file target.cif (mmCIF, C-alpha atoms)
data_data
loop_
_atom_site.group_PDB
_atom_site.id
_atom_site.type_symbol
_atom_site.label_atom_id
_atom_site.label_comp_id
_atom_site.auth_asym_id
_atom_site.auth_seq_id
_atom_site.Cartn_x
_atom_site.Cartn_y
_atom_site.Cartn_z
ATOM 1 C CA MET A 1 2.160 19.254 16.396
ATOM 2 C CA PRO A 2 5.795 20.281 15.895
ATOM 3 C CA ALA A 3 6.569 23.937 16.470
ATOM 4 C CA SER A 4 8.702 25.500 13.769
ATOM 5 C CA THR A 5 12.079 26.890 14.761
ATOM 6 C CA GLY A 6 11.864 29.296 11.830
ATOM 7 C CA GLU A 7 13.977 27.003 9.671
ATOM 8 C CA ILE A 8 13.226 24.009 7.481
ATOM 9 C CA PHE A 9 14.132 21.699 10.356
ATOM 10 C CA PRO A 10 11.280 21.480 12.882
ATOM 11 C CA ASP A 11 11.789 20.621 16.537
ATOM 12 C CA LEU A 12 10.294 17.131 16.873
ATOM 13 C CA ASN A 13 11.396 16.347 20.412
ATOM 14 C CA GLY A 14 8.528 14.658 22.211
ATOM 15 C CA HIS A 15 6.732 13.818 18.959
ATOM 16 C CA THR A 16 6.076 10.333 17.637
ATOM 17 C CA ALA A 17 6.290 9.563 13.916
ATOM 18 C CA LEU A 18 5.390 6.354 12.093
ATOM 19 C CA VAL A 19 7.111 5.730 8.748
ATOM 20 C CA THR A 20 6.090 2.803 6.543
ATOM 21 C CA GLY A 21 8.462 1.321 4.011
ATOM 22 C CA ALA A 22 11.273 2.533 6.249
ATOM 23 C CA SER A 23 13.803 -0.176 5.432
ATOM 24 C CA ARG A 24 15.370 1.465 2.392
ATOM 25 C CA GLY A 25 15.383 4.348 -0.069
ATOM 26 C CA ILE A 26 13.036 7.257 0.554
ATOM 27 C CA GLY A 27 11.518 5.730 3.694
ATOM 28 C CA ARG A 28 14.915 5.251 5.320
ATOM 29 C CA ALA A 29 15.991 8.801 4.461
ATOM 30 C CA ILE A 30 12.761 10.223 5.905
ATOM 31 C CA ALA A 31 13.129 8.214 9.111
ATOM 32 C CA ILE A 32 16.736 9.321 9.646
ATOM 33 C CA SER A 33 15.847 12.964 8.999
ATOM 34 C CA LEU A 34 12.966 12.835 11.470
ATOM 35 C CA GLY A 35 15.264 11.224 14.014
ATOM 36 C CA GLY A 36 17.758 14.014 13.472
ATOM 37 C CA CYS A 37 15.037 16.460 14.535
ATOM 38 C CA GLY A 38 14.518 14.510 17.762
ATOM 39 C CA ALA A 39 11.459 12.451 16.858
ATOM 40 C CA ASP A 40 10.569 9.106 18.398
ATOM 41 C CA LEU A 41 10.295 6.828 15.380
ATOM 42 C CA ILE A 42 8.157 3.767 14.806
ATOM 43 C CA LEU A 43 9.448 2.034 11.702
ATOM 44 C CA ALA A 44 7.429 -0.441 9.641
ATOM 45 C CA SER A 45 8.573 -2.698 6.813
ATOM 46 C CA ARG A 46 8.663 -6.350 5.759
ATOM 47 C CA SER A 47 12.470 -6.550 5.721
ATOM 48 C CA GLU A 48 13.700 -7.207 9.259
ATOM 49 C CA ALA A 49 17.445 -6.869 8.691
ATOM 50 C CA GLU A 50 17.200 -3.633 6.706
ATOM 51 C CA LEU A 51 14.625 -2.212 9.115
ATOM 52 C CA GLN A 52 17.016 -2.764 12.009
ATOM 53 C CA GLU A 53 19.725 -0.967 10.040
ATOM 54 C CA THR A 54 17.390 2.001 9.647
ATOM 55 C CA ALA A 55 16.582 1.915 13.372
ATOM 56 C CA ASP A 56 20.302 2.024 14.181
ATOM 57 C CA ALA A 57 20.765 4.967 11.804
ATOM 58 C CA VAL A 58 17.868 6.846 13.420
ATOM 59 C CA ARG A 59 19.414 6.360 16.862
ATOM 60 C CA GLY A 60 22.735 7.541 15.485
ATOM 61 C CA ALA A 61 21.020 10.695 14.226
ATOM 62 C CA GLY A 62 19.689 11.452 17.690
ATOM 63 C CA GLY A 63 16.200 9.962 17.625
ATOM 64 C CA THR A 64 14.684 6.853 19.142
ATOM 65 C CA ALA A 65 13.412 4.000 17.029
ATOM 66 C CA THR A 66 11.176 0.967 17.374
ATOM 67 C CA ALA A 67 11.189 -1.443 14.431
ATOM 68 C CA ILE A 68 7.978 -3.404 13.801
ATOM 69 C CA ILE A 69 7.862 -5.941 10.990
ATOM 70 C CA THR A 70 4.656 -5.213 9.082
ATOM 71 C CA ASP A 71 3.274 -6.387 5.761
ATOM 72 C CA MET A 72 1.170 -3.598 4.233
ATOM 73 C CA ASP A 73 -0.826 -6.272 2.383
ATOM 74 C CA SER A 74 -2.205 -7.531 5.709
ATOM 75 C CA GLU A 75 -5.008 -5.652 7.449
ATOM 76 C CA ALA A 76 -4.421 -7.686 10.609
ATOM 77 C CA GLN A 77 -0.752 -6.658 10.713
ATOM 78 C CA ILE A 78 -1.597 -3.008 10.079
ATOM 79 C CA VAL A 79 -4.160 -3.002 12.891
ATOM 80 C CA ALA A 80 -1.607 -4.698 15.162
ATOM 81 C CA LEU A 81 0.965 -2.057 14.204
ATOM 82 C CA PHE A 82 -1.339 0.714 15.333
ATOM 83 C CA GLU A 83 -2.115 -1.139 18.550
ATOM 84 C CA ARG A 84 1.613 -0.959 19.271
ATOM 85 C CA VAL A 85 1.549 2.741 18.441
ATOM 86 C CA ARG A 86 -1.381 3.245 20.816
ATOM 87 C CA GLU A 87 0.475 1.432 23.585
ATOM 88 C CA GLN A 88 3.423 3.786 23.188
ATOM 89 C CA GLY A 89 1.221 6.883 23.407
ATOM 90 C CA ALA A 90 0.068 9.477 20.891
ATOM 91 C CA LEU A 91 0.809 9.564 17.170
ATOM 92 C CA ASP A 92 1.819 12.954 15.772
ATOM 93 C CA ILE A 93 3.043 12.088 12.279
ATOM 94 C CA LEU A 94 2.278 9.327 9.784
ATOM 95 C CA VAL A 95 4.348 9.013 6.613
ATOM 96 C CA ASN A 96 2.835 6.515 4.184
ATOM 97 C CA ASN A 97 5.813 5.583 2.044
ATOM 98 C CA ALA A 98 5.589 1.802 1.492
ATOM 99 C CA GLY A 99 4.955 0.826 -2.098
ATOM 100 C CA VAL A 100 5.684 -1.685 -4.844
ATOM 101 C CA GLY A 101 5.864 -1.499 -8.619
ATOM 102 C CA ARG A 102 5.328 -3.852 -11.530
ATOM 103 C CA PHE A 103 6.159 -2.498 -14.961
ATOM 104 C CA GLY A 104 5.477 -3.554 -18.534
ATOM 105 C CA LYS A 105 2.996 -3.226 -21.369
ATOM 106 C CA VAL A 106 -0.614 -3.262 -20.193
ATOM 107 C CA VAL A 107 -1.320 -6.398 -22.232
ATOM 108 C CA ASP A 108 1.365 -8.210 -20.237
ATOM 109 C CA VAL A 109 0.245 -7.156 -16.744
ATOM 110 C CA ALA A 110 -1.024 -10.174 -14.828
ATOM 111 C CA THR A 111 -4.145 -9.703 -12.742
ATOM 112 C CA GLU A 112 -2.326 -10.869 -9.625
ATOM 113 C CA ASP A 113 0.329 -8.169 -10.186
ATOM 114 C CA LEU A 114 -2.362 -5.519 -10.508
ATOM 115 C CA ASP A 115 -4.017 -6.772 -7.336
ATOM 116 C CA GLN A 116 -0.761 -6.669 -5.366
ATOM 117 C CA ILE A 117 0.057 -3.140 -6.523
ATOM 118 C CA MET A 118 -3.355 -1.845 -5.492
ATOM 119 C CA GLN A 119 -3.212 -3.820 -2.236
ATOM 120 C CA THR A 120 0.137 -2.380 -1.186
ATOM 121 C CA ASN A 121 0.042 1.075 -2.759
ATOM 122 C CA LEU A 122 -3.575 2.013 -2.027
ATOM 123 C CA ARG A 123 -5.263 -0.358 0.412
ATOM 124 C CA GLY A 124 -2.310 -0.354 2.820
ATOM 125 C CA PRO A 125 -2.031 3.451 3.009
ATOM 126 C CA PHE A 126 -5.823 3.757 3.251
ATOM 127 C CA LEU A 127 -5.869 1.442 6.264
ATOM 128 C CA CYS A 128 -2.953 3.303 7.846
ATOM 129 C CA CYS A 129 -4.794 6.608 7.366
ATOM 130 C CA ARG A 130 -7.921 5.114 8.890
ATOM 131 C CA GLU A 131 -6.098 3.837 11.965
ATOM 132 C CA ALA A 132 -4.024 7.012 12.333
ATOM 133 C CA MET A 133 -7.142 9.177 12.193
ATOM 134 C CA LYS A 134 -8.623 7.244 15.110
ATOM 135 C CA LEU A 135 -5.643 8.316 17.218
ATOM 136 C CA MET A 136 -5.198 11.840 15.890
ATOM 137 C CA VAL A 137 -8.843 12.872 16.159
ATOM 138 C CA LEU A 138 -8.689 12.251 19.906
ATOM 139 C CA ARG A 139 -6.059 14.986 20.247
ATOM 140 C CA ALA A 140 -7.302 17.223 17.421
ATOM 141 C CA SER A 141 -3.771 17.251 16.063
ATOM 142 C CA GLY A 142 -1.530 15.373 13.649
ATOM 143 C CA TYR A 143 0.022 15.286 10.190
ATOM 144 C CA ILE A 144 -0.397 12.580 7.539
ATOM 145 C CA ILE A 145 2.003 12.686 4.595
ATOM 146 C CA ASN A 146 1.442 10.340 1.664
ATOM 147 C CA VAL A 147 4.397 9.727 -0.636
ATOM 148 C CA SER A 148 2.894 9.551 -4.102
ATOM 149 C CA SER A 149 4.796 10.082 -7.362
ATOM 150 C CA VAL A 150 4.980 12.183 -10.492
ATOM 151 C CA VAL A 151 2.757 9.466 -11.965
ATOM 152 C CA GLY A 152 0.127 10.531 -9.457
ATOM 153 C CA PHE A 153 -0.812 13.188 -12.015
ATOM 154 C CA LYS A 154 1.101 12.205 -15.159
ATOM 155 C CA GLY A 155 1.389 9.046 -17.227
ATOM 156 C CA TYR A 156 4.265 7.139 -18.798
ATOM 157 C CA PRO A 157 4.200 4.047 -21.003
ATOM 158 C CA GLU A 158 4.504 0.607 -19.401
ATOM 159 C CA GLN A 159 3.559 1.930 -15.944
ATOM 160 C CA SER A 160 -0.231 1.632 -16.144
ATOM 161 C CA ALA A 161 -0.895 -0.343 -12.953
ATOM 162 C CA TYR A 162 1.595 1.609 -10.854
ATOM 163 C CA THR A 163 0.243 4.887 -12.219
ATOM 164 C CA ALA A 164 -3.323 3.875 -11.386
ATOM 165 C CA SER A 165 -2.327 3.212 -7.773
ATOM 166 C CA LYS A 166 -0.608 6.591 -7.422
ATOM 167 C CA HIS A 167 -3.540 8.443 -8.969
ATOM 168 C CA ALA A 168 -5.675 6.693 -6.359
ATOM 169 C CA ILE A 169 -3.389 7.884 -3.560
ATOM 170 C CA MET A 170 -3.883 11.451 -4.754
ATOM 171 C CA GLY A 171 -7.645 11.004 -4.587
ATOM 172 C CA LEU A 172 -7.373 9.603 -1.073
ATOM 173 C CA THR A 173 -5.152 12.489 -0.001
ATOM 174 C CA LYS A 174 -7.411 15.201 -1.415
ATOM 175 C CA SER A 175 -10.561 13.817 0.190
ATOM 176 C CA LEU A 176 -8.939 13.074 3.553
ATOM 177 C CA ALA A 177 -7.349 16.541 3.700
ATOM 178 C CA VAL A 178 -10.799 18.134 3.680
ATOM 179 C CA GLU A 179 -12.223 15.634 6.154
ATOM 180 C CA ALA A 180 -9.255 15.886 8.530
ATOM 181 C CA GLN A 181 -9.053 19.680 8.524
ATOM 182 C CA ALA A 182 -12.112 19.913 10.766
ATOM 183 C CA HIS A 183 -10.167 17.952 13.406
ATOM 184 C CA GLY A 184 -7.001 20.049 13.273
ATOM 185 C CA ILE A 185 -5.168 17.385 11.234
ATOM 186 C CA ARG A 186 -3.176 18.141 8.088
ATOM 187 C CA VAL A 187 -2.846 15.805 5.116
ATOM 188 C CA SER A 188 -0.389 16.334 2.250
ATOM 189 C CA ALA A 189 1.015 14.405 -0.693
ATOM 190 C CA ILE A 190 4.562 14.523 -2.017
ATOM 191 C CA CYS A 191 4.951 13.681 -5.710
ATOM 192 C CA PRO A 192 8.615 13.008 -6.474
ATOM 193 C CA GLY A 193 9.978 12.727 -9.968
ATOM 194 C CA GLY A 194 13.111 10.659 -10.543
ATOM 195 C CA VAL A 195 14.729 9.569 -7.273
ATOM 196 C CA ASP A 196 17.695 7.224 -7.065
ATOM 197 C CA THR A 197 15.907 4.169 -5.668
ATOM 198 C CA GLU A 198 15.569 0.539 -6.666
ATOM 199 C CA LEU A 199 11.971 1.156 -7.743
ATOM 200 C CA VAL A 200 12.946 3.897 -10.193
ATOM 201 C CA ALA A 201 15.736 1.699 -11.522
ATOM 202 C CA GLN A 202 13.107 -0.966 -12.303
ATOM 203 C CA ALA A 203 10.672 1.482 -13.863
ATOM 204 C CA ARG A 204 13.236 3.449 -15.900
ATOM 205 C CA PRO A 205 16.344 1.336 -16.526
ATOM 206 C CA ASP A 206 17.228 3.780 -19.326
ATOM 207 C CA LEU A 207 17.995 6.586 -16.897
ATOM 208 C CA ASP A 208 21.460 7.533 -15.724
ATOM 209 C CA ARG A 209 21.067 7.194 -11.949
ATOM 210 C CA SER A 210 23.741 9.812 -11.315
ATOM 211 C CA ILE A 211 21.372 12.567 -12.507
ATOM 212 C CA LEU A 212 18.489 11.538 -10.237
ATOM 213 C CA MET A 213 17.458 13.191 -6.997
ATOM 214 C CA ALA A 214 18.644 11.680 -3.733
ATOM 215 C CA PRO A 215 16.184 10.154 -1.236
ATOM 216 C CA GLU A 216 17.339 12.851 1.193
ATOM 217 C CA ASP A 217 15.738 15.469 -1.077
ATOM 218 C CA ILE A 218 12.355 13.930 -0.370
ATOM 219 C CA ALA A 219 13.170 13.685 3.332
ATOM 220 C CA HIS A 220 13.885 17.420 3.413
ATOM 221 C CA THR A 221 10.527 18.011 1.731
ATOM 222 C CA VAL A 222 8.851 16.151 4.598
ATOM 223 C CA LEU A 223 10.682 18.389 7.078
ATOM 224 C CA PHE A 224 9.538 21.462 5.165
ATOM 225 C CA LEU A 225 5.896 20.375 5.450
ATOM 226 C CA LEU A 226 6.281 19.733 9.167
ATOM 227 C CA SER A 227 7.940 23.122 9.659
ATOM 228 C CA LEU A 228 4.668 24.750 8.577
ATOM 229 C CA SER A 229 2.599 22.953 11.201
ATOM 230 C CA GLY A 230 2.498 25.873 13.591
ATOM 231 C CA ARG A 231 1.687 28.428 10.887
ATOM 232 C CA ASN A 232 -1.431 29.526 9.044
ATOM 233 C CA ALA A 233 -0.354 27.692 5.927
ATOM 234 C CA ALA A 234 -1.257 24.315 4.508
ATOM 235 C CA VAL A 235 0.185 22.458 1.529
ATOM 236 C CA ASP A 236 -2.030 19.998 -0.303
ATOM 237 C CA GLU A 237 0.640 18.541 -2.571
ATOM 238 C CA ILE A 238 4.245 19.106 -3.619
ATOM 239 C CA TYR A 239 5.760 18.077 -6.939
ATOM 240 C CA ILE A 240 9.538 17.831 -6.599
ATOM 241 C CA ARG A 241 11.659 16.954 -9.615
ATOM 242 C CA ARG A 242 15.246 16.885 -10.722
ATOM 243 C CA THR A 243 16.825 19.843 -12.464
ATOM 244 C CA GLY A 244 18.806 19.983 -15.666
ATOM 245 C CA SER A 245 16.403 18.543 -18.236
ATOM 246 C CA ALA A 246 12.752 18.124 -19.105
ATOM 247 C CA PRO A 247 10.686 17.326 -15.992
ATOM 248 C CA PHE A 248 9.733 13.741 -15.238
#
call {"tool": "encode", "arguments": {"input": "target.cif", "output": "structure tokens"}}
result
Amino acid sequence: MPASTGEIFPDLNGHTALVTGASRGIGRAIAISLGGCGADLILASRSEAELQETADAVRGAGGTATAIITDMDSEAQIVALFERVREQGALDILVNNAGVGRFGKVVDVATEDLDQIMQTNLRGPFLCCREAMKLMVLRASGYIINVSSVVGFKGYPEQSAYTASKHAIMGLTKSLAVEAQAHGIRVSAICPGGVDTELVAQARPDLDRSILMAPEDIAHTVLFLLSLSGRNAAVDEIYIRRTGSAPF
């Protein structure tokens, strides 16, 4: 795993990181930050054009990038993604960031919307964790970071289905962290509050986006977690929120 340089920015040269949902927002910021630390990036998303833009930005930051179009709703595509990872060598870091949201009163939530949220936000990350563990256990090393949300432990009106999926991610993370520890693998969750992304704009159209955190703030949190990899310290979860008002 990455050796810390004593700063927040770990040295990731020679390390391979897979980031899902890398085409925009938080996922793009994480990928670019990892590339800036020298990582070899494998980028997964459904949006080909935007994913290529992220790949170009990673290369511009000093990393290498391979873009693989992947639908997190498809087990076959996820398994194929990890076959590509296996062909390229070891996997050191997995960042499960891909997610979708559907918002509204619980009485108005269609069953198919609930199913898609749970498919993408829970089943997809679960399958990625499963496939990543198969690779990481072989080397007794690795780091899995699941991007959850403030609604992974709190609740807001008209976000019931999305909140259920993020609570589920926290359960997955907590259980896997204990299971993975025996193999020298770390598992953490990041729970951001308001971040200036399209998803937050859909969930909270009442918010002034200028007061929200930037996706880069979450990317720096990922780097902080990775900087601890060579130390006798482990972080189970991080709640990061904006300043200046009541937390959300």
call {"tool": "residues_around", "arguments": {"input": "target.cif", "residues": "Ala140 of chain A", "least_positions_apart": "3", "cutoff": "7 Å", "atoms": "all atoms listed in the file", "output": "JSON, numbers by chain"}}
result
{"A": [136, 137, 183, 184, 185]}
call {"tool": "closest_atom_pairs", "arguments": {"input": "target.cif", "of": "segment 150-181 of chain A", "to": "segment 123-126 of chain A", "cutoff": "10 Å", "atoms": "only C-alpha atoms", "output": "CSV"}}
result
residue,atom,partner,partner_atom,distance
A:Ser165,CA,A:Arg123,CA,9.4
A:Ala168,CA,A:Arg123,CA,9.8
A:Ile169,CA,A:Pro125,CA,8.0
A:Leu172,CA,A:Phe126,CA,7.4
A:Thr173,CA,A:Phe126,CA,9.3
A:Leu176,CA,A:Phe126,CA,9.8
call {"tool": "closest_residue", "arguments": {"input": "target.cif", "among": "A:Asp108, A:Glu158, A:Asp92, A:Asp115", "to": "Ile144 of chain A", "atoms": "all atoms listed in the file"}}
result
A:Asp92
call {"tool": "resolve_selection", "arguments": {"input": "target.cif", "expression": "the PyMOL selection byres ((chain A and resi 148) around 7)", "output": "ChimeraX atom specification"}}
result
/A:146-147,149,152,166,169,189-191
call {"tool": "resolve_selection", "arguments": {"input": "target.cif", "expression": "the PyMOL selection byres ((chain A and resi 16-21) around 8)", "output": "ChimeraX atom specification"}}
result
/A:14-15,22-24,27-28,30-31,34,39-46,90-99
call {"tool": "atom_distance", "arguments": {"input": "target.cif", "atom1": "atom CA of Ala164 of chain A", "atom2": "atom CA of Leu127 of chain A"}}
result
18.0 Å
call {"tool": "residues_around", "arguments": {"input": "target.cif", "residues": "Lys105 of chain A", "least_positions_apart": "4", "cutoff": "8 Å", "atoms": "only C-alpha atoms", "output": "PyMOL selection string"}}
result
chain A and resi 109+157-160
call {"tool": "resolve_selection", "arguments": {"input": "target.cif", "expression": "the PyMOL selection byres ((chain A and resi 188) around 6)", "output": "MDAnalysis selection string"}}
result
chainID A and resid 145 187 189 236:237
call {"tool": "atom_distance", "arguments": {"input": "target.cif", "atom1": "atom CA of Arg241 of chain A", "atom2": "atom CA of Ala57 of chain A"}}
result
26.2 Å
call {"tool": "residues_around", "arguments": {"input": "target.cif", "residues": "Thr243 of chain A", "least_positions_apart": "6", "cutoff": "9 Å", "atoms": "only C-alpha atoms", "output": "list in words"}}
result
Ile211, Leu212 and Met213 of chain A
call {"tool": "closest_residue", "arguments": {"input": "target.cif", "among": "A:Gln181, A:Thr111, A:Ser141, A:Gln119", "to": "Ala234 of chain A", "atoms": "all atoms listed in the file"}}
result
A:Gln181
call {"tool": "closest_atom_pairs", "arguments": {"input": "target.cif", "of": "segment 118-151 of chain A", "to": "segment 81-87 of chain A", "cutoff": "9 Å", "atoms": "all atoms listed in the file", "output": "tab-separated table"}}
result
residue	atom	partner	partner_atom	distance
A:Cys128	CA	A:Phe82	CA	8.1
A:Glu131	CA	A:Phe82	CA	6.6
A:Ala132	CA	A:Phe82	CA	7.5
A:Leu135	CA	A:Arg86	CA	7.5
call {"tool": "write_last_selection", "arguments": {"input": "target.cif", "atoms": "C-alpha atoms", "output": "PDB file, keeping the file's coordinate frame"}}
result
ATOM      1  CA  CYS A 128      -2.953   3.303   7.846  1.00  0.00           C
ATOM      2  CA  GLU A 131      -6.098   3.837  11.965  1.00  0.00           C
ATOM      3  CA  ALA A 132      -4.024   7.012  12.333  1.00  0.00           C
ATOM      4  CA  LEU A 135      -5.643   8.316  17.218  1.00  0.00           C
TER       5      LEU A 135
END
call {"tool": "decode", "arguments": {"input": "target.cif", "residues": "segment 215-244 of chain A", "atoms": "N, CA and C atoms", "output": "mmCIF file, in the first residue's frame"}}
result
data_model
loop_
_atom_site.group_PDB
_atom_site.id
_atom_site.type_symbol
_atom_site.label_atom_id
_atom_site.label_comp_id
_atom_site.auth_asym_id
_atom_site.auth_seq_id
_atom_site.Cartn_x
_atom_site.Cartn_y
_atom_site.Cartn_z
ATOM 1 N N PRO A 215 -16.089 19.299 -4.714
ATOM 2 C CA PRO A 215 -15.719 17.884 -4.848
ATOM 3 C C PRO A 215 -14.269 17.622 -4.444
ATOM 4 N N GLU A 216 -13.398 18.610 -4.658
ATOM 5 C CA GLU A 216 -11.992 18.447 -4.294
ATOM 6 C C GLU A 216 -11.802 18.253 -2.790
ATOM 7 N N ASP A 217 -12.741 18.759 -1.980
ATOM 8 C CA ASP A 217 -12.646 18.542 -0.534
ATOM 9 C C ASP A 217 -12.781 17.058 -0.208
ATOM 10 N N ILE A 218 -13.620 16.367 -0.918
ATOM 11 C CA ILE A 218 -13.778 14.935 -0.699
ATOM 12 C C ILE A 218 -12.565 14.182 -1.243
ATOM 13 N N ALA A 219 -12.038 14.654 -2.358
ATOM 14 C CA ALA A 219 -10.825 14.043 -2.915
ATOM 15 C C ALA A 219 -9.669 14.138 -1.930
ATOM 16 N N HIS A 220 -9.523 15.273 -1.266
ATOM 17 C CA HIS A 220 -8.447 15.426 -0.288
ATOM 18 C C HIS A 220 -8.663 14.516 0.912
ATOM 19 N N THR A 221 -9.924 14.231 1.227
ATOM 20 C CA THR A 221 -10.221 13.296 2.313
ATOM 21 C C THR A 221 -9.761 11.890 1.944
ATOM 22 N N VAL A 222 -9.946 11.515 0.682
ATOM 23 C CA VAL A 222 -9.441 10.219 0.214
ATOM 24 C C VAL A 222 -7.924 10.163 0.365
ATOM 25 N N LEU A 223 -7.234 11.233 -0.013
ATOM 26 C CA LEU A 223 -5.778 11.261 0.107
ATOM 27 C C LEU A 223 -5.346 11.163 1.567
ATOM 28 N N PHE A 224 -6.100 11.804 2.448
ATOM 29 C CA PHE A 224 -5.783 11.703 3.877
ATOM 30 C C PHE A 224 -5.861 10.256 4.344
ATOM 31 N N LEU A 225 -6.921 9.541 3.974
ATOM 32 C CA LEU A 225 -7.048 8.142 4.368
ATOM 33 C C LEU A 225 -5.872 7.321 3.853
ATOM 34 N N LEU A 226 -5.515 7.539 2.598
ATOM 35 C CA LEU A 226 -4.413 6.781 2.006
ATOM 36 C C LEU A 226 -3.077 7.128 2.651
ATOM 37 N N SER A 227 -2.945 8.348 3.147
ATOM 38 C CA SER A 227 -1.687 8.750 3.786
ATOM 39 C C SER A 227 -1.457 8.006 5.090
ATOM 40 N N LEU A 228 -2.499 7.411 5.652
ATOM 41 C CA LEU A 228 -2.376 6.662 6.900
ATOM 42 C C LEU A 228 -2.042 5.196 6.678
ATOM 43 N N SER A 229 -1.970 4.773 5.424
ATOM 44 C CA SER A 229 -1.843 3.354 5.121
ATOM 45 C C SER A 229 -0.615 2.706 5.728
ATOM 46 N N GLY A 230 0.473 3.449 5.838
ATOM 47 C CA GLY A 230 1.684 2.872 6.380
ATOM 48 C C GLY A 230 1.832 3.081 7.875
ATOM 49 N N ARG A 231 0.772 3.511 8.550
ATOM 50 C CA ARG A 231 0.840 3.833 9.967
ATOM 51 C C ARG A 231 -0.056 2.894 10.768
ATOM 52 N N ASN A 232 0.118 2.918 12.078
ATOM 53 C CA ASN A 232 -0.713 2.089 12.946
ATOM 54 C C ASN A 232 -1.990 2.834 13.307
ATOM 55 N N ALA A 233 -2.708 3.229 12.278
ATOM 56 C CA ALA A 233 -3.953 3.966 12.481
ATOM 57 C C ALA A 233 -4.935 3.561 11.390
ATOM 58 N N ALA A 234 -6.172 3.404 11.783
ATOM 59 C CA ALA A 234 -7.219 3.056 10.824
ATOM 60 C C ALA A 234 -8.434 3.940 11.081
ATOM 61 N N VAL A 235 -9.091 4.346 10.028
ATOM 62 C CA VAL A 235 -10.278 5.192 10.129
ATOM 63 C C VAL A 235 -11.461 4.418 9.565
ATOM 64 N N ASP A 236 -12.479 4.225 10.380
ATOM 65 C CA ASP A 236 -13.651 3.492 9.921
ATOM 66 C C ASP A 236 -14.562 4.358 9.057
ATOM 67 N N GLU A 237 -14.772 5.593 9.495
ATOM 68 C CA GLU A 237 -15.631 6.496 8.719
ATOM 69 C C GLU A 237 -15.275 7.940 9.017
ATOM 70 N N ILE A 238 -15.506 8.801 8.040
ATOM 71 C CA ILE A 238 -15.274 10.237 8.178
ATOM 72 C C ILE A 238 -16.537 10.972 7.747
ATOM 73 N N TYR A 239 -16.999 11.868 8.610
ATOM 74 C CA TYR A 239 -18.108 12.755 8.265
ATOM 75 C C TYR A 239 -17.511 14.127 7.989
ATOM 76 N N ILE A 240 -17.617 14.587 6.762
ATOM 77 C CA ILE A 240 -17.086 15.894 6.378
ATOM 78 C C ILE A 240 -18.248 16.774 5.923
ATOM 79 N N ARG A 241 -18.329 17.966 6.501
ATOM 80 C CA ARG A 241 -19.450 18.851 6.200
ATOM 81 C C ARG A 241 -18.959 20.266 5.966
ATOM 82 N N ARG A 242 -19.845 21.065 5.434
ATOM 83 C CA ARG A 242 -19.507 22.467 5.192
ATOM 84 C C ARG A 242 -19.491 23.238 6.507
ATOM 85 N N THR A 243 -18.823 24.357 6.516
ATOM 86 C CA THR A 243 -18.800 25.216 7.686
ATOM 87 C C THR A 243 -19.767 26.368 7.504
ATOM 88 N N GLY A 244 -20.011 27.097 8.582
ATOM 89 C CA GLY A 244 -20.758 28.342 8.453
ATOM 90 C C GLY A 244 -22.218 28.277 8.820
#
